[in-house]
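Asker: Below is one structure. I have some questions about it.
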Amino acid sequence: MESRSQSRSEIDAEAAELCRRRFTAPQEVIITAQRELKDPHSFAVRAAEDLGRSLSLAPTLFAMQLRSRRRASLLGWLWLVLPTLATMFIALVLQRQSVPLPRTQMPYVAFATIGIAVWQCAAEALNMPLRQLSAHRFAITRLNMPVEAPIFAGLIEVALNSAIRSALLLLILLLLGVPPAPTVVGLPLALAALILLAVAIGALAAPVGMVVEDVSRGLAIIAALWMIATPVLYPVPDAVSTWNPAAPLVDSARGSLTGGEFAGTAALPMVFVSLAALFVSWIWLRLARPYLIDQVA
Amino acid sequence: MNNCAPFTSAPVDVRLHGEQLALRRCRSPAVGALHGLRDVVGEFAGLPPRSGQLRRHEFLALDGVDVSVTRGESLAVIGRNGAGKSTLLKVLGGLLKPSTGRVRRTGHVETIIELGGGLDPFLTARENCIIAGKLRGFDAVDLRHYVADVEAFAEIGNAFDAPVCTYSSGMRARLAFGLAAKARPDILLVDEALAVGDHAFQRRCVEFINQLLAQGGSLVFVSHNSFHVQTLCQRGLVLDAGRAHFTGSAVDAVRAMLDLSRERKTETARSSRVGALRLVRLGKLDGEPAATGEPAELIVEYRLDRDHEDVSWGFEVWTPDEQACIAGAQQIERRTLRAGTGLLRCVIDPLTLTDGRYVVKLNLSDMMAGTSIALAGFETAAAAFDVRTPATVLSNYHVQRGQMTVLEVDWSD
């Protein structure tokens, strides 16, 4: 009992010091109707500050999100691997039933399983910004949470999920008798380019999506159409893949795993393109915040 | 959102100052999203800002409001629903960007809006507390104190380590208030936070607010509870349709708010009527003034804008000062009245009112809806009529004793 009261008084003393520090070092803030980009320097400074806050907050946010989801779900991590396992199972059944399957440079089961696993990463990344901003809507609109924080937390989650899927893929390929090639080291690069590109597109749509639900429905259709135009379950014609930036990335990821062309040749330039797209989406997200996200405040 | 610009009009001691604050909002989220999209694209493309004119579905949620709160001062913001109170709080807290005007504030701000709304139901109070602390930028030491403070404030015992979805609404309110309060704000913006939670919680919150003010903190308090407004706040601002209707002491602000509510209630009641009633006369059948003990006739003219089914009507006789209702009669058989004007007539036989002046109030009601179709004498001056009775010992006795009606009785030994 005594030690408890002592620790309480210590806490109070430190809290009083904390309070004194806050009261003696007040920070002045001026909020005006002025456009964000009218003063690019201030805009950049605020963006950098929020980025720093978000980077420090994101790991905690991510860890708590995981705990929250684990408590709200019975199957938990199984959802990460279920689509890949289901695709492999269906492809195996189709192959045994002698159903005419697309001609691929590797066993079709391996082709389709890798395609679905890689595409799952892209689809998750595409929906992530809207899902994260919606999940943290209250904190963003009521507690001034920087919009970058939930996006970073979501990125960590997408990266972790992608790593788990990749590990599962390696295991499946071994079971299918397709040993992973040394070029597998290029897989993270191809996945990173694909994920960043999808996040950039998702982040462009997310602010509007928080206000009107047409965007989330539209994103679902876009993801489905995009998958049709990407070599996920079958090779696509060159005429299509030329205009689809995701096509060479999915091919690169598959090639990295099975000893095809090294992912770096196609994926490395795309990483920079995706980063540039992500930068534009970030600026867009920051500019959109007062106009669109505040509609839901 | 926070733009640094010279701002010299506020006194030095002012901790929170809002100047000519206006905010456009859109009633339709979809149209608002389109407007917003145009604005963002315009800003992205470097196009000139749009004019100040309101666009489709837009309205001014705030219109030229000035606010100022000094160190240790508390300001109540009151008004009817939709007056702009919560919007003002969000603008002051930096959650919404004003359309015009600016806010200058000094110190750490905490905004308490919709208690419990931001809690993750599948995380424990401790875990929610850690997120809240990290969001406020606390380092490891600060975070430890913060969690301990919130735990002590919330007083929810072992439930602090149970998922929030297992909490009662009162426990959530305690936790949510503690999360904001224990971040040690210089300026606390509270929106209806004390409306939830039990008596003990409200006492705790009030104690905390008083302590904050005593330590030099500032408070902006939005509430419909006039008792809390008057006991917690020194100054008051009454908002009406986004504009400042009254600024002064909290006590005067509550009175101004009550006056405004009364005015609006009367206006609303009048505007909701779809007809009118008028007393044509109340007197003897031959047209002479009414007399005690003789038959009297009441004639009322009505005017209706449309047909009404299931209507009921009646009258009440009141003292001339309208302090006491003496008698009345109501026709409660459901009748239909057609649009236009007409007369309602009844005979009172005998009239038992004693000599003197009286007023009559009329009503015409929809029996199904239970609402008034037309009233006369309730919100406006009631029509007066006289009862003249020849002077007799008995009638003089009635007047002398202040008896307003006589009862017909049979005496027995």
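Ligands are numbered from 1 in the order shown, chains are lettered A, B, ... in the order of the structure tokens, and residues start at 1 in each chain.
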Got a sec to pull out which chain B residues are within 8 Å of chain A, counting only C-alpha atoms, and send them as a ChimeraX atom specification?
Answerer: /B:1-5,25-26,29-30,32-33,36-37,39-40,43-44,90,94-108,111,113,117-118,120-123,127,131,134-135,137,142,145,148,184,186
Asker: Which residues are near Glu333 in chain B? Cut-off 10 Å, only C-alpha atoms, ignore same chain within fewer than 3 positions. Put them as a list in words.
Answerer: Asp310, Val311, Ser312, Trp313, Gln330, Thr336 and Met367 of chain B
Asker: Ranking B:Lys182, B:His199, B:Arg24, B:Arg281 by minimum distance to Asp149 in chain B and counting only C-alpha atoms, which one comes first?
Answerer: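 Comparing B:Lys182, B:His199, B:Arg24, B:Arg281 against Asp149 in chain B, the winner is B:Lys182.
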